Amino acid sequence: MNVPLAEGEEMRRIRFVEERSGLSARCDLLRDEAPESAAFLWELAQRGLSFDAIHAIWTGPEISVPMPAATLPEDLSGRVIPEENATSFPAVGEIVLAYAGARTLKGLPPGPFFDIGLFYGEGGRLLMPFGWLRANVCARIVEEDLAKAQADMKTIRRNGACRLSIHTD
């Protein structure tokens, strides 16, 4: 579990990288607003993990990183992520973590399901074919990286599925 920043402690920062598009976006973790979700992303980043990613169909300007439990290290796959700093309408530059426990949503793979969403434009909404979803806003693309990240994510949309990695910065 992550704890709020102590006085003098620096913001934790992660980076999302996708080589073909040139995406390399630094993101500040929102540890005070979404401590469990931010800790989960930090652990993924510390391991330098990579996942298949796609441009979302239903949610608008989003790169989606679906992570069924089977794609995660065993010590992370059983993690339960509480709702914190949740929204159904992510803003430009926000990174969200959606979590669904095993057998909570029809049609998902067995076991818990996690999804990271990188929102790069206006009009993001978490409306899925099975209904509205809420996800935890747990990181934000740093301002100086946002314009390039938006262009790179549009390139991902044109290129199709990709491999996205998460690193500490």
# chains A, B, ... in the order shown; residues from 1 in each chain; ligands from 1

call {"tool": "residues_around", "arguments": {"residues": "Arg15 (chain A)", "least_positions_apart": "2", "cutoff": "9 Å", "atoms": "only C-alpha atoms", "output": "list in words"}}
result
Arg13, Val17, Ser24, Ala25, Arg26, Cys27, Asp28, Ala45, Ile141, Ser165, Ile166, His167, Thr168 and Asp169 of chain A

call {"tool": "residues_around", "arguments": {"residues": "Ala151 (chain A)", "least_positions_apart": "4", "cutoff": "9 Å", "atoms": "only C-alpha atoms", "output": "list in words"}}
result
Ser21, Leu23, Tyr120, Leu146, Ala147, Thr155 and Ile156 of chain A

call {"tool": "residues_around", "arguments": {"residues": "Ser37 (chain A)", "least_positions_apart": "5", "cutoff": "7 Å", "atoms": "only C-alpha atoms", "output": "list of chain:residue names"}}
result
A:Ile81, A:Leu97, A:Asn136, A:Cys138

call {"tool": "select_by_dssp", "arguments": {"residues": "chain A", "states": "helix (DSSP H, G or I)", "output": "ChimeraX atom specification"}}
result
/A:35-46,69-71,74-77,143-159

call {"tool": "write_last_selection", "arguments": {"atoms": "N, CA and C atoms", "output": "short mmCIF file (atom, residue, chain, number, x, y, z; two decimals), in the first residue's frame"}}
result
data_model
loop_
_atom_site.label_atom_id
_atom_site.label_comp_id
_atom_site.auth_asym_id
_atom_site.auth_seq_id
_atom_site.Cartn_x
_atom_site.Cartn_y
_atom_site.Cartn_z
N PRO A 35 -4.14 6.33 -3.94
CA PRO A 35 -2.93 5.66 -3.46
C PRO A 35 -2.77 4.20 -3.90
N GLU A 36 -3.83 3.42 -3.88
CA GLU A 36 -3.72 2.00 -4.27
C GLU A 36 -3.46 1.86 -5.76
N SER A 37 -4.17 2.64 -6.55
CA SER A 37 -4.00 2.59 -8.01
C SER A 37 -2.62 3.08 -8.41
N ALA A 38 -2.16 4.18 -7.80
CA ALA A 38 -0.83 4.71 -8.09
C ALA A 38 0.24 3.70 -7.70
N ALA A 39 0.06 3.04 -6.57
CA ALA A 39 1.03 2.02 -6.13
C ALA A 39 1.08 0.86 -7.13
N PHE A 40 -0.07 0.46 -7.66
CA PHE A 40 -0.13 -0.61 -8.64
C PHE A 40 0.65 -0.23 -9.90
N LEU A 41 0.43 0.99 -10.41
CA LEU A 41 1.17 1.44 -11.60
C LEU A 41 2.66 1.53 -11.31
N TRP A 42 3.03 1.99 -10.12
CA TRP A 42 4.44 2.10 -9.75
C TRP A 42 5.11 0.72 -9.77
N GLU A 43 4.41 -0.28 -9.24
CA GLU A 43 4.97 -1.63 -9.22
C GLU A 43 5.14 -2.18 -10.64
N LEU A 44 4.18 -1.91 -11.52
CA LEU A 44 4.33 -2.32 -12.91
C LEU A 44 5.54 -1.64 -13.53
N ALA A 45 5.68 -0.34 -13.27
CA ALA A 45 6.77 0.45 -13.85
C ALA A 45 8.13 0.01 -13.33
N GLN A 46 8.21 -0.31 -12.04
CA GLN A 46 9.48 -0.75 -11.48
C GLN A 46 9.99 -2.01 -12.16
N ALA A 69 -5.84 -10.95 -15.41
CA ALA A 69 -4.94 -11.43 -14.35
C ALA A 69 -3.84 -12.33 -14.88
N ALA A 70 -4.14 -13.13 -15.89
CA ALA A 70 -3.15 -14.07 -16.44
C ALA A 70 -1.95 -13.38 -17.07
N THR A 71 -2.06 -12.08 -17.40
CA THR A 71 -0.95 -11.35 -18.03
C THR A 71 -0.06 -10.66 -17.01
N GLU A 74 2.26 -12.93 -10.65
CA GLU A 74 1.36 -13.55 -9.67
C GLU A 74 1.06 -12.66 -8.47
N ASP A 75 2.07 -11.93 -7.96
CA ASP A 75 1.85 -11.11 -6.78
C ASP A 75 0.99 -9.87 -7.07
N LEU A 76 0.80 -9.53 -8.34
CA LEU A 76 -0.07 -8.40 -8.69
C LEU A 76 -1.43 -8.85 -9.20
N SER A 77 -1.52 -10.06 -9.72
CA SER A 77 -2.75 -10.50 -10.36
C SER A 77 -3.92 -10.66 -9.40
N GLU A 143 2.67 18.18 -18.28
CA GLU A 143 2.25 19.20 -19.25
C GLU A 143 3.21 19.31 -20.44
N GLU A 144 4.51 19.29 -20.17
CA GLU A 144 5.46 19.47 -21.27
C GLU A 144 5.52 18.28 -22.22
N ASP A 145 4.97 17.14 -21.85
CA ASP A 145 4.93 15.97 -22.72
C ASP A 145 3.58 15.79 -23.43
N LEU A 146 2.57 16.55 -23.02
CA LEU A 146 1.21 16.27 -23.46
C LEU A 146 1.01 16.43 -24.96
N ALA A 147 1.46 17.50 -25.57
CA ALA A 147 1.21 17.72 -27.01
C ALA A 147 1.83 16.60 -27.85
N LYS A 148 3.06 16.23 -27.57
CA LYS A 148 3.70 15.14 -28.32
C LYS A 148 2.98 13.81 -28.05
N ALA A 149 2.61 13.57 -26.79
CA ALA A 149 1.89 12.33 -26.46
C ALA A 149 0.57 12.25 -27.22
N GLN A 150 -0.14 13.37 -27.34
CA GLN A 150 -1.39 13.37 -28.08
C GLN A 150 -1.15 12.99 -29.55
N ALA A 151 -0.12 13.57 -30.16
CA ALA A 151 0.19 13.24 -31.55
C ALA A 151 0.59 11.77 -31.68
N ASP A 152 1.40 11.28 -30.74
CA ASP A 152 1.85 9.89 -30.80
C ASP A 152 0.69 8.92 -30.61
N MET A 153 -0.26 9.25 -29.75
CA MET A 153 -1.40 8.36 -29.54
C MET A 153 -2.32 8.35 -30.75
N LYS A 154 -2.39 9.47 -31.47
CA LYS A 154 -3.14 9.46 -32.74
C LYS A 154 -2.45 8.56 -33.76
N THR A 155 -1.14 8.52 -33.72
CA THR A 155 -0.38 7.61 -34.59
C THR A 155 -0.69 6.16 -34.22
N ILE A 156 -0.76 5.87 -32.92
CA ILE A 156 -1.13 4.51 -32.49
C ILE A 156 -2.51 4.16 -33.03
N ARG A 157 -3.44 5.12 -32.98
CA ARG A 157 -4.79 4.87 -33.50
C ARG A 157 -4.72 4.47 -34.98
N ARG A 158 -3.88 5.15 -35.75
CA ARG A 158 -3.75 4.84 -37.18
C ARG A 158 -3.01 3.52 -37.41
N ASN A 159 -2.00 3.23 -36.58
CA ASN A 159 -1.17 2.02 -36.76
C ASN A 159 -1.85 0.74 -36.30
#

call {"tool": "atom_distance", "arguments": {"atom1": "CA of Leu118 (chain A)", "atom2": "CA of Val80 (chain A)"}}
result
20.8 Å

call {"tool": "closest_residue", "arguments": {"among": "A:Arg20, A:Asp52, A:Leu29, A:Ala102", "to": "Val142 (chain A)", "atoms": "only C-alpha atoms"}}
result
A:Leu29

call {"tool": "residues_around", "arguments": {"residues": "Ser88 (chain A)", "least_positions_apart": "6", "cutoff": "7 Å", "atoms": "only C-alpha atoms", "output": "CSV table (one decimal) with N, CA and C atoms, in the first residue's frame"}}
result
chain,number,residue,atom,x,y,z
A,125,ARG,N,-15.1,9.0,-22.3
A,125,ARG,CA,-16.2,8.5,-21.5
A,125,ARG,C,-16.1,7.0,-21.4
A,126,LEU,N,-16.4,6.5,-20.2
A,126,LEU,CA,-16.2,5.1,-19.9
A,126,LEU,C,-17.6,4.4,-20.1
A,133,LEU,N,-18.9,2.5,-16.8
A,133,LEU,CA,-17.8,2.0,-15.9
A,133,LEU,C,-17.2,3.2,-15.3
A,134,ARG,N,-16.7,3.0,-14.1
A,134,ARG,CA,-15.9,4.0,-13.4
A,134,ARG,C,-14.5,3.5,-13.2
A,135,ALA,N,-13.5,4.4,-13.4
A,135,ALA,CA,-12.1,4.0,-13.3
A,135,ALA,C,-11.4,5.1,-12.5

call {"tool": "select_by_dssp", "arguments": {"residues": "region 3-137 of chain A", "states": "strand (DSSP E or B)", "output": "number ranges by chain"}}
result
A: 13-18, 23-29, 50-55, 62-68, 86-87, 94-100, 113-119, 127-128, 131-132, 135-137

call {"tool": "write_last_selection", "arguments": {"atoms": "C-alpha atoms", "output": "PDB file, in the first residue's frame"}}
result
ATOM      1  CA  ARG A  13       6.879   9.600 -12.048  1.00  0.00           C
ATOM      2  CA  ILE A  14       6.393   6.795 -14.561  1.00  0.00           C
ATOM      3  CA  ARG A  15       6.813   6.707 -18.331  1.00  0.00           C
ATOM      4  CA  PHE A  16       4.711   5.002 -21.001  1.00  0.00           C
ATOM      5  CA  VAL A  17       6.710   4.024 -24.098  1.00  0.00           C
ATOM      6  CA  GLU A  18       5.606   2.708 -27.494  1.00  0.00           C
ATOM      7  CA  LEU A  23       5.411   7.680 -27.619  1.00  0.00           C
ATOM      8  CA  SER A  24       7.438   8.397 -24.495  1.00  0.00           C
ATOM      9  CA  ALA A  25       5.138  10.148 -22.048  1.00  0.00           C
ATOM     10  CA  ARG A  26       6.098  10.965 -18.486  1.00  0.00           C
ATOM     11  CA  CYS A  27       3.256  10.810 -15.969  1.00  0.00           C
ATOM     12  CA  ASP A  28       3.036  11.987 -12.391  1.00  0.00           C
ATOM     13  CA  LEU A  29       1.374   9.458 -10.096  1.00  0.00           C
ATOM     14  CA  SER A  50       5.089  -4.446 -21.421  1.00  0.00           C
ATOM     15  CA  PHE A  51       1.528  -5.171 -22.484  1.00  0.00           C
ATOM     16  CA  ASP A  52      -0.501  -5.315 -25.661  1.00  0.00           C
ATOM     17  CA  ALA A  53      -2.455  -2.095 -26.158  1.00  0.00           C
ATOM     18  CA  ILE A  54      -5.101  -0.880 -28.573  1.00  0.00           C
ATOM     19  CA  HIS A  55      -6.946   2.276 -29.401  1.00  0.00           C
ATOM     20  CA  GLU A  62      -8.057   6.491 -25.314  1.00  0.00           C
ATOM     21  CA  ILE A  63      -5.209   4.027 -25.619  1.00  0.00           C
ATOM     22  CA  SER A  64      -6.390   0.993 -23.671  1.00  0.00           C
ATOM     23  CA  VAL A  65      -4.053  -1.472 -21.976  1.00  0.00           C
ATOM     24  CA  PRO A  66      -6.215  -4.463 -20.993  1.00  0.00           C
ATOM     25  CA  MET A  67      -4.547  -6.682 -18.409  1.00  0.00           C
ATOM     26  CA  PRO A  68      -6.384  -9.873 -17.503  1.00  0.00           C
ATOM     27  CA  ALA A  86     -13.026   7.523  -9.793  1.00  0.00           C
ATOM     28  CA  THR A  87     -14.730   8.995 -12.820  1.00  0.00           C
ATOM     29  CA  GLU A  94      -5.430  11.610 -17.368  1.00  0.00           C
ATOM     30  CA  ILE A  95      -4.361   8.018 -16.816  1.00  0.00           C
ATOM     31  CA  VAL A  96      -7.007   5.760 -15.307  1.00  0.00           C
ATOM     32  CA  LEU A  97      -6.959   2.285 -13.829  1.00  0.00           C
ATOM     33  CA  ALA A  98     -10.131   0.246 -14.143  1.00  0.00           C
ATOM     34  CA  TYR A  99     -10.535  -2.843 -12.007  1.00  0.00           C
ATOM     35  CA  ALA A 100     -13.149  -5.594 -12.122  1.00  0.00           C
ATOM     36  CA  PHE A 113      -9.325  -7.781 -14.759  1.00  0.00           C
ATOM     37  CA  PHE A 114      -7.310  -4.559 -14.903  1.00  0.00           C
ATOM     38  CA  ASP A 115      -7.181  -1.931 -17.636  1.00  0.00           C
ATOM     39  CA  ILE A 116      -5.012   1.170 -17.906  1.00  0.00           C
ATOM     40  CA  GLY A 117      -6.484   3.961 -20.005  1.00  0.00           C
ATOM     41  CA  LEU A 118      -4.390   6.802 -21.425  1.00  0.00           C
ATOM     42  CA  PHE A 119      -6.759   9.622 -22.402  1.00  0.00           C
ATOM     43  CA  LEU A 127     -19.369   3.761 -21.620  1.00  0.00           C
ATOM     44  CA  MET A 128     -18.948   0.138 -22.627  1.00  0.00           C
ATOM     45  CA  GLY A 131     -22.882  -0.140 -19.447  1.00  0.00           C
ATOM     46  CA  TRP A 132     -21.099   2.676 -17.682  1.00  0.00           C
ATOM     47  CA  ALA A 135     -12.109   4.034 -13.295  1.00  0.00           C
ATOM     48  CA  ASN A 136      -9.580   5.569 -10.921  1.00  0.00           C
ATOM     49  CA  VAL A 137      -7.714   8.650 -12.110  1.00  0.00           C
TER      50      VAL A 137
END

call {"tool": "closest_residue", "arguments": {"among": "A:Ala161, A:Pro112, A:Arg31, A:Glu122", "to": "Arg79 (chain A)", "atoms": "only C-alpha atoms"}}
result
A:Pro112

call {"tool": "atom_distance", "arguments": {"atom1": "CA of Glu33 (chain A)", "atom2": "CA of Gly78 (chain A)"}}
result
22.2 Å

call {"tool": "atom_distance", "arguments": {"atom1": "CA of Ala139 (chain A)", "atom2": "CA of Asn85 (chain A)"}}
result
10.6 Å
